[in-house]
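*Asks:* Shown below is the structure under consideration.
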Amino acid sequence: MFSKSSQLFTSLAAVTVLVTGCGGKKPPPEPLPEVCTGTTALDVLPGVYPNAVELSGTDALEVAVLGNATLDARTLDPATASLSDPDGSAPSVSAETTLREEDVNGDGQVDAVLRFPRPTLVERGVLHAEVSRLKLDAKTHSGVEVSGCDRAQASDHLLARLPAPTGLYAVGTTTFHWVDTSREEEFSEAKRDKRELMVRVWYPATSQLRAQPAPYFLVRREGIAQMTGGNFDTPARTLDFVHAHAVAEAPLAADARFPVILFSPGAGFSPTFYTSLLEELASHGYVVVATSHTYTTGAVIFPDGRYAPNTEDPGGLFGTPFLDTTVADLRFVLSQVRALDAGDASGRFTGKLDLERIGVFGHSIGGAASTLVCQQEPGVRACSNIDGTFQGSWEKGIGQPFLLVHTQAADDGTHRSFIKDRRARVYEVSVSQSGHLTFSDMPLLLELMRSYNSKVTADTLETGALAPAERAAAITRAWVLAFADETVKGGGESPLLQGGSGDYPEVTLKVHSR
């Protein structure tokens, strides 16, 4: 994932081993099955987020069971309700005998608020210093079983809170499982497997003031697989303490068609590790479609529970088929985006995607692949390579505006050649004190990770020296957004791209005209 050619493979392997535990050769063991399989939504401490619990409190802990079209929460029998820590072995604690009816999340459905004695929860070990989730089990008066989980943590526990999006829109998030029936799966031992992809979408949403944001990783086991291998060796619950802003399955904002940005992550990395950037883009009116490239960008768990670990080595300087598969994935996703606009089964995106305004952005190998997608898809309006070494047929150039971001210390010959032989305007952004993973969420997560494993440092993660950590996110978000607004959305010239550094003295901009 490094942009400096002479160090690329060594650095990539080190970071991939650290994060995935595999380095492209020996995948980590499959995460244990999820114990919170209930489908009922909960809200610990209704109206509060994050759910920070004071362990010394003597009052009752409130937990809301959220009603929906299939569950009338008023039918819940409080005598059957209990609360437990799904990640521990502590005995559960029963609820008080009465419940309160209230619409706690403002969705028009009545919810049931249960109360649990806080001192008993602490005494029995359900609430403790490292608690990250709580599980509720209950039945309705007719005997229907109800079960669900929600995040909760001790009030003094360290949290990693991603910077709030700055756009006018709230942010929603959802996932799609797409199968490319035209391609055999090259990285699977099974015969005749077709290429399967999980795609996560961040999008402009209608504000839901009382709705809780989704977990950082929508599928918790994928996050566990990323964090518990190799030299990381952090607890499975680590990413439960990361708080983002997107609300799962929120209604799409009721505007006209939205421009689309396809995003491709670096090798060994899930798209989730770019949430701060992708939420920011969505809040400014973009539908961001981020691809998990199966077997190459972190663990993937399909909707039926099948586990696809990160197994593939980039092979030196990102040789084929690694790169070719990434490019083919993105082109397939682009075709699926067009189909989604024509007819989304949920109705959310039907007729809402502006297919005339599409950009393809990526980090590291994702940036290299994005370049080739622009080359092969002339209908794409703009592309961005964030700190990736160009690979494949990049020398042929592309005809779209291009954002090239790299560390100031980078000495990448492919970057220099790409600029020299450009066929369209290139905005070259160099960031001082940055590392390869400055442009991901990793600087924001570093302190939390380090609290569990002292081996995790800015050097081992290549997150750079920008301080505070929010500074790295602010720079990445500002420059990528400015480029998207000017070239993809077509919103006119951005002052940030016309020679000024704004409030970012760490950034050096060079505009290379056509």
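Labeling convention for the structure tokens: chains A, B, ... as they appear, residues from 1 per chain, ligands from 1 in order of appearance.
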When you look at range 343-349 of chain A with a cut-off of 8 Å (counting only C-alpha atoms), what residues show up, excluding the ones that are within fewer than 3 positions of it in the same chain? I need them as a list of chain:residue names.
*Replies:* A:Pro251, A:Leu252, A:Ala339, A:Leu340, A:Lys352, A:Leu353
*Asks:* Those same residues - N, CA and C atoms - I'd like them written as a PDB file, in the first residue's frame.
*Replies:*
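Saved to out.pdb:
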```
ATOM      1  N   PRO A 251     -33.630   6.767   5.541  1.00  0.00           N
ATOM      2  CA  PRO A 251     -34.223   7.159   4.258  1.00  0.00           C
ATOM      3  C   PRO A 251     -33.280   8.065   3.473  1.00  0.00           C
ATOM      4  N   LEU A 252     -33.222   7.855   2.166  1.00  0.00           N
ATOM      5  CA  LEU A 252     -32.430   8.727   1.302  1.00  0.00           C
ATOM      6  C   LEU A 252     -33.035  10.126   1.316  1.00  0.00           C
ATOM      7  N   ALA A 339     -27.508  -0.295 -12.769  1.00  0.00           N
ATOM      8  CA  ALA A 339     -28.694  -1.131 -12.604  1.00  0.00           C
ATOM      9  C   ALA A 339     -29.497  -0.711 -11.372  1.00  0.00           C
ATOM     10  N   LEU A 340     -28.797  -0.277 -10.338  1.00  0.00           N
ATOM     11  CA  LEU A 340     -29.463   0.154  -9.111  1.00  0.00           C
ATOM     12  C   LEU A 340     -30.321   1.386  -9.366  1.00  0.00           C
ATOM     13  N   LYS A 352     -32.432   7.863  -8.486  1.00  0.00           N
ATOM     14  CA  LYS A 352     -31.808   8.862  -7.616  1.00  0.00           C
ATOM     15  C   LYS A 352     -30.302   9.001  -7.826  1.00  0.00           C
ATOM     16  N   LEU A 353     -29.727   8.233  -8.731  1.00  0.00           N
ATOM     17  CA  LEU A 353     -28.283   8.277  -8.957  1.00  0.00           C
ATOM     18  C   LEU A 353     -27.999   9.007 -10.267  1.00  0.00           C
TER      19      LEU A 353
END
```
*Asks:* Skipping near chain neighbours, those fewer than 5 positions away, what residues fall within 7 Å of Thr508 in chain A using only C-alpha atoms, listed as an MDAnalysis selection string?
*Replies:* chainID A and resid 429:431
*Asks:* Do you know which residues are at most 10 Å from Leu218 in chain A counting only C-alpha atoms, after dropping those on the same chain fewer than 2 positions away, and could you put them as a VMD selection string?
*Replies:* chain A and resid 173 to 175 200 214 to 216 220 to 223 248 272
*Asks:* Residues of range 262-312 of chain A classed as helix (DSSP H, G or I) by DSSP on the backbone are to be reported as a list in words.
*Replies:*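 Filtering range 262-312 of chain A to helix (DSSP H, G or I) leaves Pro271, Thr272, Phe273, Tyr274, Thr275, Ser276, Leu277, Leu278, Glu279, Glu280, Leu281, Ala282 and Ser283 of chain A.
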*Asks:* Could you state the separation of CA of Gly490 in chain A and CA of Glu280 in chain A in Å, given to one decimal place?
*Replies:* 17.6 Å
*Asks:* In range 373-462 of chain A, what's strand (DSSP E) per DSSP? Answer as a PyMOL selection string?
*Replies:* chain A and resi 382-386+402-407+426-431
*Asks:* Now that the selection is made, can you save its residues with N, CA, C and O atoms as an mmCIF file, in the first residue's frame?
*Replies:*
```cif
data_model
loop_
_atom_site.group_PDB
_atom_site.id
_atom_site.type_symbol
_atom_site.label_atom_id
_atom_site.label_comp_id
_atom_site.auth_asym_id
_atom_site.auth_seq_id
_atom_site.Cartn_x
_atom_site.Cartn_y
_atom_site.Cartn_z
ATOM 1 N N ALA A 382 -14.111 11.972 -13.271
ATOM 2 C CA ALA A 382 -12.862 12.322 -12.595
ATOM 3 C C ALA A 382 -12.369 11.125 -11.800
ATOM 4 O O ALA A 382 -13.152 10.245 -11.419
ATOM 5 N N CYS A 383 -11.056 11.116 -11.526
ATOM 6 C CA CYS A 383 -10.458 10.024 -10.758
ATOM 7 C C CYS A 383 -9.464 10.580 -9.753
ATOM 8 O O CYS A 383 -8.934 11.686 -9.925
ATOM 9 N N SER A 384 -9.179 9.772 -8.734
ATOM 10 C CA SER A 384 -8.195 10.164 -7.728
ATOM 11 C C SER A 384 -7.389 8.958 -7.291
ATOM 12 O O SER A 384 -7.949 7.882 -7.048
ATOM 13 N N ASN A 385 -6.086 9.156 -7.205
ATOM 14 C CA ASN A 385 -5.172 8.151 -6.670
ATOM 15 C C ASN A 385 -4.568 8.731 -5.401
ATOM 16 O O ASN A 385 -3.767 9.665 -5.449
ATOM 17 N N ILE A 386 -4.970 8.181 -4.259
ATOM 18 C CA ILE A 386 -4.470 8.658 -2.975
ATOM 19 C C ILE A 386 -3.310 7.772 -2.552
ATOM 20 O O ILE A 386 -3.485 6.648 -2.083
ATOM 21 N N PHE A 402 -7.701 14.796 -12.623
ATOM 22 C CA PHE A 402 -7.120 13.790 -11.739
ATOM 23 C C PHE A 402 -6.572 14.445 -10.476
ATOM 24 O O PHE A 402 -5.913 15.488 -10.531
ATOM 25 N N LEU A 403 -6.863 13.821 -9.328
ATOM 26 C CA LEU A 403 -6.283 14.239 -8.050
ATOM 27 C C LEU A 403 -5.271 13.205 -7.615
ATOM 28 O O LEU A 403 -5.601 12.029 -7.430
ATOM 29 N N LEU A 404 -4.025 13.639 -7.466
ATOM 30 C CA LEU A 404 -2.945 12.761 -7.021
ATOM 31 C C LEU A 404 -2.465 13.251 -5.659
ATOM 32 O O LEU A 404 -1.944 14.361 -5.540
ATOM 33 N N VAL A 405 -2.675 12.442 -4.635
ATOM 34 C CA VAL A 405 -2.288 12.794 -3.271
ATOM 35 C C VAL A 405 -1.137 11.896 -2.853
ATOM 36 O O VAL A 405 -1.161 10.678 -3.092
ATOM 37 N N HIS A 406 -0.129 12.476 -2.209
ATOM 38 C CA HIS A 406 0.941 11.640 -1.678
ATOM 39 C C HIS A 406 1.630 12.339 -0.513
ATOM 40 O O HIS A 406 1.429 13.534 -0.254
ATOM 41 N N THR A 407 2.445 11.551 0.185
ATOM 42 C CA THR A 407 3.233 12.118 1.270
ATOM 43 C C THR A 407 4.296 13.026 0.666
ATOM 44 O O THR A 407 4.776 12.794 -0.444
ATOM 45 N N VAL A 426 -3.972 17.724 -13.764
ATOM 46 C CA VAL A 426 -3.654 16.930 -12.584
ATOM 47 C C VAL A 426 -3.426 17.873 -11.410
ATOM 48 O O VAL A 426 -2.600 18.795 -11.478
ATOM 49 N N TYR A 427 -4.157 17.642 -10.334
ATOM 50 C CA TYR A 427 -3.936 18.362 -9.082
ATOM 51 C C TYR A 427 -3.054 17.477 -8.209
ATOM 52 O O TYR A 427 -3.461 16.395 -7.791
ATOM 53 N N GLU A 428 -1.844 17.944 -7.953
ATOM 54 C CA GLU A 428 -0.899 17.178 -7.144
ATOM 55 C C GLU A 428 -0.870 17.763 -5.732
ATOM 56 O O GLU A 428 -0.502 18.924 -5.537
ATOM 57 N N VAL A 429 -1.255 16.967 -4.749
ATOM 58 C CA VAL A 429 -1.325 17.402 -3.362
ATOM 59 C C VAL A 429 -0.300 16.614 -2.552
ATOM 60 O O VAL A 429 -0.379 15.388 -2.462
ATOM 61 N N SER A 430 0.684 17.338 -1.991
ATOM 62 C CA SER A 430 1.695 16.722 -1.142
ATOM 63 C C SER A 430 1.448 17.148 0.296
ATOM 64 O O SER A 430 1.246 18.331 0.562
ATOM 65 N N VAL A 431 1.467 16.190 1.212
ATOM 66 C CA VAL A 431 1.147 16.458 2.615
ATOM 67 C C VAL A 431 2.370 16.159 3.470
ATOM 68 O O VAL A 431 2.844 15.021 3.514
#
```
*Asks:* Would you mind listing, for every residue of range 238-302 of chain A within 9 Å of range 369-375 of chain A, the two atoms forming the shortest contact and the distance between them in Å to one decimal, using only C-alpha atoms, sorted by chain and ascending residue number, as CSV?
*Replies:*
```
residue,atom,partner,partner_atom,distance
A:Leu262,CA,A:Ser370,CA,8.6
A:Phe263,CA,A:Ser370,CA,8.1
A:Ser264,CA,A:Ser370,CA,7.3
```
*Asks:* Residues as selected, C-alpha atoms, written as a CSV table (one decimal), in the first residue's frame, can you do that?
*Replies:*
```
chain,number,residue,atom,x,y,z
A,262,LEU,CA,-16.9,4.7,-6.4
A,263,PHE,CA,-14.2,4.1,-3.8
A,264,SER,CA,-11.6,1.3,-3.6
```
*Asks:* Near Val333 in chain A, within 9 Å and counting only C-alpha atoms, which residues show up once chain neighbours fewer than 6 positions away are dropped, as a PyMOL selection string?
*Replies:* chain A and resi 178+197+199+262+289+291
*Asks:* Might you pull out every residue within 10 Å of Gly435 in chain A, with only C-alpha atoms counted and same-chain residues fewer than 3 positions away left off, and present them as an MDAnalysis selection string?
*Replies:* chainID A and resid 2:3 387 406:410 431:432 438:439 443 458:459 461:466 472
*Asks:* Neighbouring residues of Gly305 in chain A were defined as those with any atom within 10 Å, considering only C-alpha atoms; residues of the same chain fewer than 4 positions away were excluded. Please report them as a list in words.
*Replies:* Pro33, Glu34, Arg221, Val300 and Ile301 of chain A
*Asks:* Restricting the output to C-alpha atoms, write the selected residues as a CSV table (one decimal), in the first residue's frame.
*Replies:*
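As a result, part-v3.csv now contains:
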```csv
chain,number,residue,atom,x,y,z
A,33,PRO,CA,-19.8,-17.0,15.4
A,34,GLU,CA,-21.6,-13.9,16.4
A,221,ARG,CA,-16.9,-10.4,12.8
A,300,VAL,CA,-15.5,-10.4,4.1
A,301,ILE,CA,-18.5,-12.2,5.6
```
*Asks:* Find the residues around Ser94 in chain A up to 7 Å (only C-alpha atoms counted), leave out those fewer than 5 positions away in its own chain, and share them as a PyMOL selection string.
*Replies:* chain A and resi 81-83+116
*Asks:* Which residue, A:Pro495, A:Pro204, A:Gly502, A:Pro86, has the smallest gap to Val247 in chain A when you use only C-alpha atoms?
*Replies:*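 Counting only C-alpha atoms, the residue closest to Val247 in chain A is A:Pro204.
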*Asks:* Please measure the separation of CA of Arg381 in chain A and CA of Leu497 in chain A, giving the value in Å to one decimal.
*Replies:*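 Rounded to one decimal, the two atoms are 16.8 Å apart.
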